[in-house]
Amino acid sequence: EAATASFPFVGKSVEFKPKYEHFIGGEWVKPSNGEYFENISPINGQPFTQAARGTKADIELALDAAHKAFPSWSKTSAASRSNMLNKIAQVIEDNLEYLATIETIDNGKAIRECMAADLPLVIDHFRYFAGVIRADESTISEHDENTVSIALHEPLGVVGQIIPWNFPLLMATWKVAPALAAGNCIVVKPAEQTPTSIMCLMELIDGILPPGVLNVVTGFGPEAGKPLATSPRVAKVSFTGETTTGRLIMQYASENLVPVTMELGGKSPNVFMKSVGDADDEFFDKAVEGAVMFALNQGEVCTCPSRMLVHEDIYDKFMERVIARTKAIKMGNPLDPSTMMGAQASNDQYEKIMSYLNIGKEEGAQVLCGGAKFSQNSGLEEGYYVQPTIFKGHNKMRVFQEEIFGPVVAVTTFKTTEEAIEIANDTMYGLGAGLWTRDAHEIYQVPRAIQAGRVWINNYHAYPAHAPFGGYKKSGFGRENHKMMLDHYRQTKNMLISY
Ligand code: NAD
């Protein structure tokens with residue numbers, strides 16, 4: 001039964017089912033306990049769809065299906081897996097606007113971003129791993145004149161993947177595309193806040209993969225995520241989410257001695273060196289845009305540049321422009337293509353961000369702009385909207401140290417390069433960092449000194465499929481993207497054959 005929904009203002013209608021079941025063994029499967037949970041759209045705070053409330057029994061069914069599919073799937077040729085990944089990419093491309101609309105209603109993100117960035121990246125990641133798996137051959141070499149060494153790759157088996165809500169389709173793709181390319185079967189557990197878009201994707205790609213290769217069980221973390229992460233029947237657990245949840249998942253997986261990938265939180269510094277002040281207008285403008293990136297995706301980005309470090313000599317000139325640019329961010333209904341910033345993904349997240357706005361004020365941080373709820377009108381009053389906010393303070397404050405995961409940046413100044421590096425590294429996280437400079441020496445030396453897995457230099461927030469991405473310190477370990485991912489999803493078997 002499909003329903004047609006129409007969301008306020010933009011006259012946008014989209015077809016979706018009122019209820020989504022699990023996708024297991026190539027079929028739609030009712031939750032074993034018969035229970036569903038309500039998925040609220042952050043756009044207007046109203047119910048959107050219902051998703052199956054998964055439990056251990058559903059995870060077990062999905063693992064059964066995946067184990068059944070694995071023996072033949074693991075023997076498929078790289079060429080046929082590559083073709084299937086390309087087909088998935090094509091289906092997504094053909095249905096881009098539909099998927100972007102669902103993703104936007106699910107998550108609250110601005111549809112213009114979703115269509116211009118999130119989904120094109122999803123498509124490119126599938127195509128990238130379709131290509132990489134073809135180019136990757138096993139290694140055969142002679143050990144001595146009588147012995148040949150063959151290094152063979154074998155998939156790990158059935159893997160469990162647990163996904164966050166901030167980029168529902170893209171974060172799932174980062175895990176699903178390489179795992180499929182390497183020949184694994186998968187059970188995915190999406191975030192309970194955004195269970196719908198991935199189910200719509202499963203409907204669209206149904207039939208491309210053999211049954212049981214890719215299974216999706218929706219539900220809550222402790223009810224559906226835990227049985228997946230604790231299962232002795234998974235060969236790996238790949239997790240993206242909060243650092244505190246990551247700790248739990250590692251404990252679970254340690255019982256079964258299976259490898260984990262941890263993509264966790266961040267508090268990324270964005271450093272603006274003195275030379276930005278002397279740069280030409282084009283570069284200066286680009287740096288201002290780079291600073292305002294803290295509001296991208298409503299700040300719900302693990303690499304959100306949530307700490308701005310600005311050289312004291314350029315502070316006044318630079319911040320005047322950053323504040324003006326931040327105030328010009330057009331907020332509104334995220335389904336309106338002119339909207340730049342939409343709603344926070346859930347009420348919990350909205351409340352958390354609002355509490356940090358108070359924390360910042362209470363600890364004496366100065367509000368340079370924003371600092372409050374954004375009041376929507378005409379039917380969206382119940383949605384979760386927060387003004388993009390800039391605090392000024394010092395790096396020991398909680399708003400500088402704790403991940404807010406909202407459109408909030410904390411700015412401070414520095415005098416010397418050493419001081420900038422010290423402040424940049426004064427965090428438990430180490431996921432992303434930005435550096436803006438016209439100085440050739442700094443372009444190499446400063447990123448080398450910053451403890452983070454990704455440093456953007458004179459740009460920010462690009463995520464090409466071929467660039468390895470992941471954290472240092474409490475931001476996790478393991479990487480995503482890049483062809484090295486194949487090795488994160490497979491074993492290497494060496495055979496030494498004498499003749
Ligand atoms: P979260 O940790 O609350 O939830 C993530 C997923 O884990 C969800 O699917 C949830 O249901 C599941 N989960 C929760 N408790 C569980 C348990 N006990 N057992 C098994 N599964 C459980 O994180 P979130 O709020 O969805 O996402 C936001 C966080 O994700 C932020 O900290 C952000 O920085 C991080 N993140 C990191 C990256 C990265 O690549 N490093 C990317 C995106 C988001």
# chains A, B, ... in the order shown; residues from 1 in each chain; ligands from 1
$ residues_near_ligand --ligand "ligand 1" --cutoff "7 Å" --atoms "only C-alpha atoms and all ligand atoms" --output "PyMOL selection string"
chain A and resi 162-167+171+189-192+219-222+224-226+229+240-246+248-249+263-266+301-303+403+405+431+470-471+475-476
$ select_by_dssp --residues "segment 175-383 of chain A" --states "strand (DSSP E or B)" --output "VMD selection string"
chain A and resid 185 to 189 214 to 216 236 to 240 260 to 263 269 to 272 307 to 311 331 341 366 to 369 373
$ closest_residue --among "A:Val122, A:Leu152, A:Ala52, A:Ile40" --to "Tyr463 of chain A" --atoms "only C-alpha atoms"
A:Val122
$ closest_residue --among "A:Tyr472, A:Tyr20, A:Trp436, A:Tyr499" --to "Glu142 of chain A" --atoms "only C-alpha atoms"
A:Tyr499
$ closest_residue --among "A:Leu169, A:Gly432, A:Thr417, A:Met319" --to "Leu99 of chain A" --atoms "only C-alpha atoms"
A:Leu169
$ residues_around --residues "Asn481 of chain A" --least-positions-apart "2" --cutoff "10 Å" --atoms "only C-alpha atoms" --output "list in words"
His125, Tyr128, Phe129, Thr173, Trp174, Lys175, Ala177, Pro178, Tyr463, Pro464, Ala465, His466, Ala467, Pro468, Phe469, Gly470, Arg479, Lys483, Met484, Met485 and Leu486 of chain A
$ residues_around --residues "Arg490 of chain A" --least-positions-apart "2" --cutoff "9 Å" --atoms "only C-alpha atoms" --output "PyMOL selection string"
chain A and resi 153-157+179+182-184+485-488+492
$ write_last_selection --atoms "C-alpha atoms" --output "PDB file, in the first residue's frame"
ATOM      1  CA  HIS A 153      41.821 -12.641  -1.444  1.00  0.00           C
ATOM      2  CA  GLU A 154      38.806 -14.168   0.243  1.00  0.00           C
ATOM      3  CA  PRO A 155      35.818 -12.240   1.584  1.00  0.00           C
ATOM      4  CA  LEU A 156      35.409 -12.203   5.366  1.00  0.00           C
ATOM      5  CA  GLY A 157      31.923 -13.737   5.268  1.00  0.00           C
ATOM      6  CA  ALA A 179      31.829  -5.014   1.383  1.00  0.00           C
ATOM      7  CA  ALA A 182      34.930  -7.763  -1.826  1.00  0.00           C
ATOM      8  CA  GLY A 183      32.308 -10.540  -1.918  1.00  0.00           C
ATOM      9  CA  ASN A 184      30.743 -10.367   1.550  1.00  0.00           C
ATOM     10  CA  MET A 485      38.710  -0.746   1.930  1.00  0.00           C
ATOM     11  CA  LEU A 486      38.738  -3.994   0.011  1.00  0.00           C
ATOM     12  CA  ASP A 487      41.377  -5.247   2.459  1.00  0.00           C
ATOM     13  CA  HIS A 488      39.190  -4.215   5.382  1.00  0.00           C
ATOM     14  CA  THR A 492      44.478 -12.680   2.413  1.00  0.00           C
TER      15      THR A 492
END
$ closest_residue --among "A:Arg127, A:Lys352, A:Lys493, A:His441" --to "Ile92 of chain A" --atoms "only C-alpha atoms"
A:Arg127
$ select_by_dssp --residues "segment 105-258 of chain A" --states "helix (DSSP H, G or I)" --output "PyMOL selection string"
chain A and resi 105-107+111-135+168-181+196-205+221-230+243-255
$ atom_distance --atom1 "atom CA of Glu113 of chain A" --atom2 "atom CA of Thr339 of chain A"
9.3 Å
